[in-house]
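Asks: Contents of run_14.cif (mmCIF, C-alpha atoms):
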```
data_model
#
loop_
_atom_site.group_PDB
_atom_site.id
_atom_site.type_symbol
_atom_site.label_atom_id
_atom_site.label_comp_id
_atom_site.auth_asym_id
_atom_site.auth_seq_id
_atom_site.Cartn_x
_atom_site.Cartn_y
_atom_site.Cartn_z
ATOM 1 C CA MET A 1 -13.422 -1.607 26.808
ATOM 2 C CA ALA A 2 -14.663 -2.710 23.403
ATOM 3 C CA SER A 3 -13.217 -1.200 20.265
ATOM 4 C CA THR A 4 -15.453 -0.108 17.403
ATOM 5 C CA THR A 5 -15.760 -1.749 14.001
ATOM 6 C CA VAL A 6 -17.621 -0.269 11.039
ATOM 7 C CA ILE A 7 -20.214 -2.618 9.567
ATOM 8 C CA THR A 8 -21.158 -2.049 5.929
ATOM 9 C CA CYS A 9 -24.225 -3.848 4.603
ATOM 10 C CA ALA A 10 -24.213 -4.587 0.846
ATOM 11 C CA LEU A 11 -27.916 -4.791 0.108
ATOM 12 C CA THR A 12 -28.564 -6.357 -3.298
ATOM 13 C CA GLY A 13 -25.631 -6.482 -5.749
ATOM 14 C CA SER A 14 -26.035 -7.188 -9.453
ATOM 15 C CA PHE A 15 -26.007 -10.959 -9.870
ATOM 16 C CA ASP A 16 -28.988 -13.250 -10.432
ATOM 17 C CA THR A 17 -29.636 -13.749 -6.730
ATOM 18 C CA PRO A 18 -33.316 -12.764 -6.220
ATOM 19 C CA ARG A 19 -34.447 -16.083 -7.690
ATOM 20 C CA LYS A 20 -32.177 -17.891 -5.213
ATOM 21 C CA ASN A 21 -33.323 -15.956 -2.147
ATOM 22 C CA PRO A 22 -36.552 -13.917 -2.259
ATOM 23 C CA ALA A 23 -35.246 -11.699 0.552
ATOM 24 C CA VAL A 24 -32.894 -9.952 -1.906
ATOM 25 C CA PRO A 25 -34.470 -6.504 -2.401
ATOM 26 C CA VAL A 26 -35.225 -5.477 -5.979
ATOM 27 C CA SER A 27 -37.323 -2.315 -6.229
ATOM 28 C CA PRO A 28 -36.019 1.049 -4.981
ATOM 29 C CA GLU A 29 -38.666 0.914 -2.260
ATOM 30 C CA ALA A 30 -37.559 -2.567 -1.133
ATOM 31 C CA ILE A 31 -33.878 -1.568 -1.272
ATOM 32 C CA ALA A 32 -34.578 1.491 0.865
ATOM 33 C CA GLU A 33 -36.587 -0.488 3.395
ATOM 34 C CA SER A 34 -33.824 -3.099 3.610
ATOM 35 C CA ALA A 35 -31.282 -0.311 4.144
ATOM 36 C CA LEU A 36 -33.300 1.138 7.003
ATOM 37 C CA GLU A 37 -33.631 -2.282 8.644
ATOM 38 C CA ALA A 38 -29.885 -2.926 8.264
ATOM 39 C CA ALA A 39 -29.094 0.456 9.812
ATOM 40 C CA ALA A 40 -31.390 -0.255 12.740
ATOM 41 C CA ALA A 41 -29.597 -3.593 13.238
ATOM 42 C CA GLY A 42 -26.179 -1.941 13.486
ATOM 43 C CA ALA A 43 -24.862 -1.147 10.001
ATOM 44 C CA ALA A 44 -23.245 2.295 9.827
ATOM 45 C CA VAL A 45 -22.923 2.119 6.023
ATOM 46 C CA VAL A 46 -25.281 0.739 3.373
ATOM 47 C CA HIS A 47 -23.841 -0.149 -0.039
ATOM 48 C CA ILE A 48 -26.332 0.283 -2.862
ATOM 49 C CA HIS A 49 -26.792 -1.157 -6.336
ATOM 50 C CA VAL A 50 -30.165 -0.784 -8.050
ATOM 51 C CA ARG A 51 -32.198 -3.164 -10.174
ATOM 52 C CA ASP A 52 -35.012 -2.942 -12.704
ATOM 53 C CA PRO A 53 -38.146 -3.379 -10.577
ATOM 54 C CA GLU A 54 -39.864 -5.360 -13.338
ATOM 55 C CA THR A 55 -37.109 -7.811 -14.258
ATOM 56 C CA ALA A 56 -34.752 -7.719 -11.222
ATOM 57 C CA ALA A 57 -31.878 -7.243 -13.691
ATOM 58 C CA PRO A 58 -29.073 -4.871 -12.684
ATOM 59 C CA SER A 59 -29.752 -1.271 -13.624
ATOM 60 C CA MET A 60 -27.867 2.003 -13.931
ATOM 61 C CA ALA A 61 -31.012 4.165 -14.037
ATOM 62 C CA LEU A 62 -30.559 7.426 -12.161
ATOM 63 C CA ALA A 63 -34.270 7.442 -11.312
ATOM 64 C CA HIS A 64 -33.924 4.167 -9.381
ATOM 65 C CA TYR A 65 -30.897 5.447 -7.463
ATOM 66 C CA ARG A 66 -32.670 8.702 -6.697
ATOM 67 C CA GLU A 67 -35.788 6.974 -5.424
ATOM 68 C CA ALA A 68 -33.829 4.600 -3.181
ATOM 69 C CA VAL A 69 -31.688 7.425 -1.750
ATOM 70 C CA GLU A 70 -34.637 9.743 -1.165
ATOM 71 C CA ARG A 71 -36.660 7.009 0.534
ATOM 72 C CA ILE A 72 -33.763 6.258 2.892
ATOM 73 C CA ARG A 73 -33.136 9.905 3.664
ATOM 74 C CA GLU A 74 -36.821 10.528 4.402
ATOM 75 C CA LYS A 75 -36.546 8.249 7.435
ATOM 76 C CA ASN A 76 -32.836 8.152 8.316
ATOM 77 C CA THR A 77 -30.456 11.052 7.745
ATOM 78 C CA ASP A 78 -27.707 9.401 9.788
ATOM 79 C CA VAL A 79 -26.724 6.203 7.977
ATOM 80 C CA ILE A 80 -23.841 6.573 5.490
ATOM 81 C CA LEU A 81 -24.745 5.905 1.865
ATOM 82 C CA ASN A 82 -22.241 4.123 -0.392
ATOM 83 C CA LEU A 83 -23.293 3.938 -4.046
ATOM 84 C CA THR A 84 -21.630 1.536 -6.474
ATOM 85 C CA THR A 85 -19.826 2.630 -9.623
ATOM 86 C CA GLY A 86 -19.110 -0.965 -10.585
ATOM 87 C CA ALA A 87 -22.124 -1.086 -12.892
ATOM 88 C CA GLY A 88 -21.105 -0.505 -16.494
ATOM 89 C CA GLY A 89 -17.829 -2.410 -16.273
ATOM 90 C CA ARG A 90 -18.931 -5.756 -17.723
ATOM 91 C CA PHE A 91 -17.696 -6.925 -21.125
ATOM 92 C CA VAL A 92 -18.684 -10.178 -22.806
ATOM 93 C CA PRO A 93 -16.768 -10.954 -26.035
ATOM 94 C CA GLY A 94 -19.043 -11.479 -28.992
ATOM 95 C CA ASN A 95 -19.183 -14.528 -31.226
ATOM 96 C CA PRO A 96 -17.811 -14.859 -33.868
ATOM 97 C CA ASP A 97 -15.981 -11.520 -33.406
ATOM 98 C CA PRO A 98 -14.688 -11.212 -29.823
ATOM 99 C CA ALA A 99 -13.769 -7.547 -30.397
ATOM 100 C CA VAL A 100 -17.485 -6.763 -30.669
ATOM 101 C CA ALA A 101 -19.460 -6.682 -27.443
ATOM 102 C CA GLY A 102 -21.728 -9.675 -27.033
ATOM 103 C CA PRO A 103 -24.988 -10.152 -25.134
ATOM 104 C CA GLY A 104 -24.682 -9.274 -21.449
ATOM 105 C CA THR A 105 -22.150 -6.474 -22.005
ATOM 106 C CA THR A 106 -22.827 -3.313 -19.995
ATOM 107 C CA PHE A 107 -19.512 -1.560 -20.656
ATOM 108 C CA VAL A 108 -19.792 2.247 -20.727
ATOM 109 C CA GLY A 109 -17.495 5.190 -20.110
ATOM 110 C CA PRO A 110 -16.439 6.860 -16.857
ATOM 111 C CA GLU A 111 -18.992 9.671 -17.037
ATOM 112 C CA ALA A 112 -21.943 7.293 -17.360
ATOM 113 C CA ARG A 113 -20.643 5.135 -14.510
ATOM 114 C CA THR A 114 -20.413 8.094 -12.113
ATOM 115 C CA ARG A 115 -23.435 10.143 -13.227
ATOM 116 C CA HIS A 116 -25.543 9.110 -10.239
ATOM 117 C CA VAL A 117 -22.709 9.969 -7.851
ATOM 118 C CA GLY A 118 -22.532 13.513 -9.170
ATOM 119 C CA ALA A 119 -26.305 13.881 -9.079
ATOM 120 C CA LEU A 120 -26.926 12.420 -5.612
ATOM 121 C CA ARG A 121 -23.596 13.098 -3.848
ATOM 122 C CA PRO A 122 -23.471 10.237 -1.337
ATOM 123 C CA GLU A 123 -20.730 10.321 1.277
ATOM 124 C CA ILE A 124 -19.001 7.271 -0.271
ATOM 125 C CA CYS A 125 -18.972 5.487 -3.606
ATOM 126 C CA THR A 126 -16.985 2.473 -4.716
ATOM 127 C CA LEU A 127 -14.127 2.611 -7.200
ATOM 128 C CA ASP A 128 -13.149 -0.845 -8.439
ATOM 129 C CA ILE A 129 -9.417 -0.987 -9.159
ATOM 130 C CA ALA A 130 -9.919 -4.199 -11.065
ATOM 131 C CA THR A 131 -9.623 -5.538 -14.577
ATOM 132 C CA MET A 132 -10.161 -9.277 -14.273
ATOM 133 C CA ASN A 133 -12.147 -12.348 -15.156
ATOM 134 C CA PHE A 134 -15.248 -11.912 -13.003
ATOM 135 C CA GLY A 135 -16.883 -15.295 -13.177
ATOM 136 C CA GLU A 136 -17.496 -15.918 -16.877
ATOM 137 C CA HIS A 137 -17.300 -12.291 -18.066
ATOM 138 C CA LEU A 138 -14.664 -9.569 -18.049
ATOM 139 C CA PHE A 139 -14.707 -6.693 -15.566
ATOM 140 C CA LEU A 140 -12.883 -3.776 -17.198
ATOM 141 C CA ASN A 141 -11.438 -0.776 -15.398
ATOM 142 C CA THR A 142 -8.486 0.591 -17.334
ATOM 143 C CA PRO A 143 -6.070 3.022 -15.644
ATOM 144 C CA GLY A 144 -7.301 5.837 -17.870
ATOM 145 C CA HIS A 145 -10.931 5.166 -17.012
ATOM 146 C CA LEU A 146 -10.045 4.954 -13.323
ATOM 147 C CA ARG A 147 -8.310 8.340 -13.449
ATOM 148 C CA ALA A 148 -11.374 9.854 -15.106
ATOM 149 C CA MET A 149 -13.787 8.232 -12.644
ATOM 150 C CA ALA A 150 -11.645 9.367 -9.707
ATOM 151 C CA GLY A 151 -11.850 12.910 -11.064
ATOM 152 C CA HIS A 152 -15.650 12.812 -11.353
ATOM 153 C CA ILE A 153 -15.911 11.402 -7.833
ATOM 154 C CA ARG A 154 -13.571 14.057 -6.427
ATOM 155 C CA ASP A 155 -15.528 16.834 -8.191
ATOM 156 C CA ALA A 156 -18.700 15.551 -6.523
ATOM 157 C CA GLY A 157 -17.063 15.803 -3.091
ATOM 158 C CA VAL A 158 -17.436 12.053 -2.509
ATOM 159 C CA LYS A 159 -14.963 9.684 -0.809
ATOM 160 C CA PRO A 160 -13.999 6.714 -3.000
ATOM 161 C CA GLU A 161 -13.965 3.297 -1.388
ATOM 162 C CA ILE A 162 -11.179 1.582 -3.325
ATOM 163 C CA GLU A 163 -12.281 -1.992 -4.018
ATOM 164 C CA VAL A 164 -9.464 -4.468 -4.673
ATOM 165 C CA PHE A 165 -9.819 -8.142 -5.543
ATOM 166 C CA ASP A 166 -6.167 -9.208 -5.828
ATOM 167 C CA LEU A 167 -2.636 -8.069 -5.045
ATOM 168 C CA GLY A 168 -1.842 -6.427 -8.378
ATOM 169 C CA GLN A 169 -4.850 -4.167 -8.028
ATOM 170 C CA ILE A 170 -3.441 -2.793 -4.784
ATOM 171 C CA GLU A 171 -0.278 -1.887 -6.686
ATOM 172 C CA LEU A 172 -2.324 0.023 -9.259
ATOM 173 C CA ALA A 173 -4.215 1.795 -6.471
ATOM 174 C CA ARG A 174 -0.916 2.798 -4.861
ATOM 175 C CA HIS A 175 0.207 4.179 -8.225
ATOM 176 C CA LEU A 176 -2.987 6.244 -8.602
ATOM 177 C CA ILE A 177 -2.504 7.569 -5.068
ATOM 178 C CA ALA A 178 1.095 8.529 -5.853
ATOM 179 C CA GLU A 179 -0.091 10.322 -8.988
ATOM 180 C CA GLY A 180 -2.552 12.333 -6.887
ATOM 181 C CA HIS A 181 -5.726 10.916 -8.421
ATOM 182 C CA LEU A 182 -6.776 9.332 -5.120
ATOM 183 C CA ALA A 183 -6.438 11.334 -1.929
ATOM 184 C CA ARG A 184 -4.851 10.295 1.334
ATOM 185 C CA PRO A 185 -5.709 8.684 3.628
ATOM 186 C CA PRO A 186 -7.242 6.143 1.245
ATOM 187 C CA LEU A 187 -10.227 3.954 2.110
ATOM 188 C CA PHE A 188 -9.882 0.350 0.881
ATOM 189 C CA GLN A 189 -12.303 -2.566 0.651
ATOM 190 C CA ILE A 190 -10.582 -5.964 0.300
ATOM 191 C CA CYS A 191 -12.932 -8.241 -1.660
ATOM 192 C CA LEU A 192 -12.283 -11.978 -1.299
ATOM 193 C CA GLY A 193 -13.678 -15.102 -2.891
ATOM 194 C CA ILE A 194 -14.989 -13.616 -6.137
ATOM 195 C CA PRO A 195 -14.157 -15.836 -9.119
ATOM 196 C CA TRP A 196 -11.415 -15.225 -10.244
ATOM 197 C CA GLY A 197 -9.815 -12.968 -7.684
ATOM 198 C CA ALA A 198 -8.025 -13.695 -4.448
ATOM 199 C CA PRO A 199 -9.549 -16.549 -2.435
ATOM 200 C CA ALA A 200 -11.451 -15.918 0.791
ATOM 201 C CA THR A 201 -8.741 -17.228 3.105
ATOM 202 C CA PRO A 202 -6.938 -15.710 6.087
ATOM 203 C CA GLU A 203 -3.653 -16.045 4.191
ATOM 204 C CA ALA A 204 -4.957 -13.968 1.269
ATOM 205 C CA LEU A 205 -6.353 -11.328 3.626
ATOM 206 C CA VAL A 206 -3.058 -11.034 5.511
ATOM 207 C CA ALA A 207 -1.098 -10.745 2.250
ATOM 208 C CA MET A 208 -3.369 -8.064 0.825
ATOM 209 C CA ARG A 209 -3.512 -6.104 4.059
ATOM 210 C CA ALA A 210 0.284 -6.065 4.147
ATOM 211 C CA ARG A 211 0.431 -4.298 0.743
ATOM 212 C CA LEU A 212 -1.980 -1.474 1.607
ATOM 213 C CA PRO A 213 -0.492 1.992 2.116
ATOM 214 C CA GLU A 214 0.520 2.612 5.720
ATOM 215 C CA ASP A 215 -2.163 5.272 6.209
ATOM 216 C CA ALA A 216 -4.966 3.216 4.658
ATOM 217 C CA VAL A 217 -8.267 2.661 6.427
ATOM 218 C CA TRP A 218 -9.650 -0.701 5.388
ATOM 219 C CA SER A 219 -12.517 -3.144 5.422
ATOM 220 C CA ALA A 220 -12.764 -6.681 4.095
ATOM 221 C CA PHE A 221 -15.357 -9.260 3.207
ATOM 222 C CA GLY A 222 -15.613 -12.808 1.932
ATOM 223 C CA ILE A 223 -18.468 -14.107 -0.160
ATOM 224 C CA GLY A 224 -20.736 -17.076 0.421
ATOM 225 C CA ARG A 225 -19.879 -19.400 3.290
ATOM 226 C CA GLU A 226 -16.711 -17.396 3.993
ATOM 227 C CA GLU A 227 -18.579 -14.209 4.858
ATOM 228 C CA PHE A 228 -18.456 -14.667 8.620
ATOM 229 C CA PRO A 229 -15.061 -16.404 8.908
ATOM 230 C CA ILE A 230 -13.463 -13.487 7.028
ATOM 231 C CA LEU A 231 -15.415 -11.054 9.203
ATOM 232 C CA ALA A 232 -13.843 -12.569 12.302
ATOM 233 C CA VAL A 233 -10.319 -12.471 10.861
ATOM 234 C CA ALA A 234 -10.671 -8.913 9.556
ATOM 235 C CA ALA A 235 -12.054 -7.612 12.830
ATOM 236 C CA GLY A 236 -9.322 -9.415 14.754
ATOM 237 C CA MET A 237 -6.738 -7.664 12.555
ATOM 238 C CA GLY A 238 -8.252 -4.267 13.333
ATOM 239 C CA GLY A 239 -10.152 -3.886 10.081
ATOM 240 C CA ASN A 240 -13.745 -3.066 9.372
ATOM 241 C CA VAL A 241 -16.267 -5.504 7.923
ATOM 242 C CA ARG A 242 -19.010 -5.997 5.368
ATOM 243 C CA VAL A 243 -21.971 -8.364 5.199
ATOM 244 C CA GLY A 244 -25.166 -8.443 3.172
ATOM 245 C CA LEU A 245 -27.221 -10.284 0.600
ATOM 246 C CA GLU A 246 -24.987 -9.021 -2.214
ATOM 247 C CA ASP A 247 -22.218 -11.242 -0.843
ATOM 248 C CA ASN A 248 -23.991 -14.148 0.837
ATOM 249 C CA LEU A 249 -27.544 -15.521 0.746
ATOM 250 C CA TYR A 250 -27.386 -17.719 3.852
ATOM 251 C CA LEU A 251 -27.612 -17.017 7.567
ATOM 252 C CA SER A 252 -26.154 -20.438 8.367
ATOM 253 C CA ARG A 253 -25.587 -23.727 6.561
ATOM 254 C CA GLY A 254 -28.749 -24.593 4.631
ATOM 255 C CA ARG A 255 -30.724 -21.648 6.059
ATOM 256 C CA LEU A 256 -31.455 -18.731 3.768
ATOM 257 C CA ALA A 257 -31.008 -15.315 5.335
ATOM 258 C CA PRO A 258 -34.455 -13.762 5.853
ATOM 259 C CA SER A 259 -33.131 -10.221 5.442
ATOM 260 C CA ASN A 260 -30.070 -8.028 5.303
ATOM 261 C CA ALA A 261 -30.827 -7.023 8.874
ATOM 262 C CA ALA A 262 -30.460 -10.648 9.998
ATOM 263 C CA LEU A 263 -26.945 -10.771 8.530
ATOM 264 C CA VAL A 264 -26.060 -7.510 10.286
ATOM 265 C CA GLU A 265 -27.427 -8.851 13.574
ATOM 266 C CA LYS A 266 -25.230 -11.946 13.241
ATOM 267 C CA ALA A 267 -22.233 -9.704 12.524
ATOM 268 C CA VAL A 268 -22.956 -7.644 15.640
ATOM 269 C CA SER A 269 -23.177 -10.837 17.695
ATOM 270 C CA LEU A 270 -19.875 -12.184 16.362
ATOM 271 C CA LEU A 271 -18.124 -8.862 16.942
ATOM 272 C CA ALA A 272 -19.329 -8.884 20.553
ATOM 273 C CA HIS A 273 -17.446 -12.154 21.103
ATOM 274 C CA LEU A 274 -14.319 -10.320 19.922
ATOM 275 C CA ASP A 275 -15.013 -7.445 22.337
ATOM 276 C CA ARG A 276 -15.825 -5.134 19.469
ATOM 277 C CA GLU A 277 -18.863 -2.900 19.116
ATOM 278 C CA PRO A 278 -20.491 -1.767 15.864
ATOM 279 C CA ALA A 279 -19.532 1.812 15.079
ATOM 280 C CA THR A 280 -22.289 4.367 14.919
ATOM 281 C CA PRO A 281 -22.533 6.332 11.680
ATOM 282 C CA ASP A 282 -20.782 9.307 13.274
ATOM 283 C CA GLN A 283 -18.020 7.059 14.624
ATOM 284 C CA ALA A 284 -17.720 5.547 11.138
ATOM 285 C CA ARG A 285 -17.362 9.039 9.666
ATOM 286 C CA ALA A 286 -14.445 9.690 11.987
ATOM 287 C CA ILE A 287 -12.830 6.309 11.200
ATOM 288 C CA PHE A 288 -13.295 6.702 7.419
ATOM 289 C CA GLY A 289 -12.156 10.326 7.344
ATOM 290 C CA LEU A 290 -15.506 11.708 6.190
ATOM 291 C CA THR A 291 -16.719 15.224 6.853
ATOM 292 C CA PRO A 292 -18.841 15.279 10.027
ATOM 293 C CA ARG A 293 -22.506 15.988 9.470
ATOM 294 C CA GLY A 294 -23.032 19.715 9.398
ATOM 295 C CA GLY A 295 -19.287 20.213 8.764
#
```
Will you turn the file into C-alpha cells for me?

Replies:
Amino acid sequence: MASTTVITCALTGSFDTPRKNPAVPVSPEAIAESALEAAAAGAAVVHIHVRDPETAAPSMALAHYREAVERIREKNTDVILNLTTGAGGRFVPGNPDPAVAGPGTTFVGPEARTRHVGALRPEICTLDIATMNFGEHLFLNTPGHLRAMAGHIRDAGVKPEIEVFDLGQIELARHLIAEGHLARPPLFQICLGIPWGAPATPEALVAMRARLPEDAVWSAFGIGREEFPILAVAAGMGGNVRVGLEDNLYLSRGRLAPSNAALVEKAVSLLAHLDREPATPDQARAIFGLTPRGG
C-alpha cells in the first residue's frame, strides 16, 4: 500500500518573478484562484505571500491577505492555509552609512510581521529561524524577535512551520523549543538552494534532517532545477514536500510552468513512482499535529 506525503504549494513568494513567468499570481484574486487550482491538483497546504496588485512588489497589507484568504475559503474550506511571516525581515545597508536602512529594506518588528496571522488565524504560518545573507540583502530574525513572534503566533492558536536554511538555524530552533517558546512536536521546513544557505543536495538534506529533534515532523524543498530532485529524496526519506512558483518557475528544462497546479500535478506523478500518495488535507492535519476541523 502507498504511504501518504503532504504536498505544500508555495504560490507566489516575494522575489521579482512575475516578469520572468507570467503564471506567477499577483493579485489577491489570482493568488486565491491559483490556490484553489493547486488544491484540486493534490496540494493539501497552500503557502501564501501577497503582492501589490498594481506593481507586483511584495506586500504586507492585511487587506490583501484578507481578500486572498476569504476568496479561498468561499470555495474551499478544506485546504490548509499557511501564511508567511517572512515579510518584513529584509535589511539593506545604506550608503554611505550602513547602519541606516537603505532602499529595499522592509525590516519591521515582530508585531507587524505577525499582525495578519492574529487577524486571520490560519492553521499554519511560517517562522523563519534565519539570520543570513539572502542573495544580496540581509534576512534578519534575531532570537529576541523570534521569541516575540512565536508568542504572537501561539496566542493566535496557529502552528508555526519552522523554516531553516542551514544547520546552525536548526540549533537555534532546538534552543527555542527547549526554552518552551516553540511547542512539541515541532513542524520543520528544510529550505535548500537559497543563496546563501545550504545547497540543494541530498548530502545537505541528510545532514539537516539528522539534526532535527527526534519528534519533529518535516518537509523539504529545493529551489529552481533542484525542486523535483529534492522532492524525490525527501519523500524517499519519509519527509513531506513542497513545490510551487515561489520556488521554481519551470515545469521542465526550458519550459515555463503554466501554473502552480501543473507543478503539483508533476509532484503527484513523481510521488506515485515512489508508491506514495498525496495526503488529503485531513490526513495532513493528522500528520502535522493540527486540530481536526470542528475539533

Asks: Nearest to Arg90 (chain A): which of A:Tyr250, A:Phe139, A:Phe221, A:Phe288 is it, counting only C-alpha atoms?

Replies: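 Between A:Tyr250, A:Phe139, A:Phe221, A:Phe288, the residue approaching Arg90 (chain A) most closely is A:Phe139.
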
Asks: What residues come out when you apply the PyMOL selection byres ((chain A and resi 52) around 10) to this file, written as number ranges by chain?

Replies: A: 26-28, 50-51, 53-61, 64

Asks: Selected residues, C-alpha atoms, written as an mmCIF file, keeping the file's coordinate frame, please.

Replies:
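What landed in out.cif:
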```
data_model
loop_
_atom_site.group_PDB
_atom_site.id
_atom_site.type_symbol
_atom_site.label_atom_id
_atom_site.label_comp_id
_atom_site.auth_asym_id
_atom_site.auth_seq_id
_atom_site.Cartn_x
_atom_site.Cartn_y
_atom_site.Cartn_z
ATOM 1 C CA VAL A 26 -35.225 -5.477 -5.979
ATOM 2 C CA SER A 27 -37.323 -2.315 -6.229
ATOM 3 C CA PRO A 28 -36.019 1.049 -4.981
ATOM 4 C CA VAL A 50 -30.165 -0.784 -8.050
ATOM 5 C CA ARG A 51 -32.198 -3.164 -10.174
ATOM 6 C CA PRO A 53 -38.146 -3.379 -10.577
ATOM 7 C CA GLU A 54 -39.864 -5.360 -13.338
ATOM 8 C CA THR A 55 -37.109 -7.811 -14.258
ATOM 9 C CA ALA A 56 -34.752 -7.719 -11.222
ATOM 10 C CA ALA A 57 -31.878 -7.243 -13.691
ATOM 11 C CA PRO A 58 -29.073 -4.871 -12.684
ATOM 12 C CA SER A 59 -29.752 -1.271 -13.624
ATOM 13 C CA MET A 60 -27.867 2.003 -13.931
ATOM 14 C CA ALA A 61 -31.012 4.165 -14.037
ATOM 15 C CA HIS A 64 -33.924 4.167 -9.381
#
```

Asks: Evaluate the PyMOL selection byres ((chain A and resi 242) around 7) on the structure here and hand back the selected residues as JSON, numbers by chain.

Replies: {"A": [7, 8, 9, 220, 221, 241, 243, 244]}

Asks: Can you translate the PyMOL selection byres ((chain A and resi 249) around 12) into the concrete residues it hits in this file, as a PyMOL selection string?

Replies: chain A and resi 10-13+15-25+223-227+243-248+250-260+262-263

Asks: Mind dumping the selected residues with C-alpha atoms as a PDB file, in the coordinates of the input?

Replies:
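Output (result.pdb):
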```
ATOM      1  CA  ALA A  10     -24.213  -4.587   0.846  1.00  0.00           C
ATOM      2  CA  LEU A  11     -27.916  -4.791   0.108  1.00  0.00           C
ATOM      3  CA  THR A  12     -28.564  -6.357  -3.298  1.00  0.00           C
ATOM      4  CA  GLY A  13     -25.631  -6.482  -5.749  1.00  0.00           C
ATOM      5  CA  PHE A  15     -26.007 -10.959  -9.870  1.00  0.00           C
ATOM      6  CA  ASP A  16     -28.988 -13.250 -10.432  1.00  0.00           C
ATOM      7  CA  THR A  17     -29.636 -13.749  -6.730  1.00  0.00           C
ATOM      8  CA  PRO A  18     -33.316 -12.764  -6.220  1.00  0.00           C
ATOM      9  CA  ARG A  19     -34.447 -16.083  -7.690  1.00  0.00           C
ATOM     10  CA  LYS A  20     -32.177 -17.891  -5.213  1.00  0.00           C
ATOM     11  CA  ASN A  21     -33.323 -15.956  -2.147  1.00  0.00           C
ATOM     12  CA  PRO A  22     -36.552 -13.917  -2.259  1.00  0.00           C
ATOM     13  CA  ALA A  23     -35.246 -11.699   0.552  1.00  0.00           C
ATOM     14  CA  VAL A  24     -32.894  -9.952  -1.906  1.00  0.00           C
ATOM     15  CA  PRO A  25     -34.470  -6.504  -2.401  1.00  0.00           C
ATOM     16  CA  ILE A 223     -18.468 -14.107  -0.160  1.00  0.00           C
ATOM     17  CA  GLY A 224     -20.736 -17.076   0.421  1.00  0.00           C
ATOM     18  CA  ARG A 225     -19.879 -19.400   3.290  1.00  0.00           C
ATOM     19  CA  GLU A 226     -16.711 -17.396   3.993  1.00  0.00           C
ATOM     20  CA  GLU A 227     -18.579 -14.209   4.858  1.00  0.00           C
ATOM     21  CA  VAL A 243     -21.971  -8.364   5.199  1.00  0.00           C
ATOM     22  CA  GLY A 244     -25.166  -8.443   3.172  1.00  0.00           C
ATOM     23  CA  LEU A 245     -27.221 -10.284   0.600  1.00  0.00           C
ATOM     24  CA  GLU A 246     -24.987  -9.021  -2.214  1.00  0.00           C
ATOM     25  CA  ASP A 247     -22.218 -11.242  -0.843  1.00  0.00           C
ATOM     26  CA  ASN A 248     -23.991 -14.148   0.837  1.00  0.00           C
ATOM     27  CA  TYR A 250     -27.386 -17.719   3.852  1.00  0.00           C
ATOM     28  CA  LEU A 251     -27.612 -17.017   7.567  1.00  0.00           C
ATOM     29  CA  SER A 252     -26.154 -20.438   8.367  1.00  0.00           C
ATOM     30  CA  ARG A 253     -25.587 -23.727   6.561  1.00  0.00           C
ATOM     31  CA  GLY A 254     -28.749 -24.593   4.631  1.00  0.00           C
ATOM     32  CA  ARG A 255     -30.724 -21.648   6.059  1.00  0.00           C
ATOM     33  CA  LEU A 256     -31.455 -18.731   3.768  1.00  0.00           C
ATOM     34  CA  ALA A 257     -31.008 -15.315   5.335  1.00  0.00           C
ATOM     35  CA  PRO A 258     -34.455 -13.762   5.853  1.00  0.00           C
ATOM     36  CA  SER A 259     -33.131 -10.221   5.442  1.00  0.00           C
ATOM     37  CA  ASN A 260     -30.070  -8.028   5.303  1.00  0.00           C
ATOM     38  CA  ALA A 262     -30.460 -10.648   9.998  1.00  0.00           C
ATOM     39  CA  LEU A 263     -26.945 -10.771   8.530  1.00  0.00           C
TER      40      LEU A 263
END
```

Asks: Mind pulling up the distance from CA of His152 (chain A) to CA of Thr131 (chain A)?

Replies: 19.6 Å
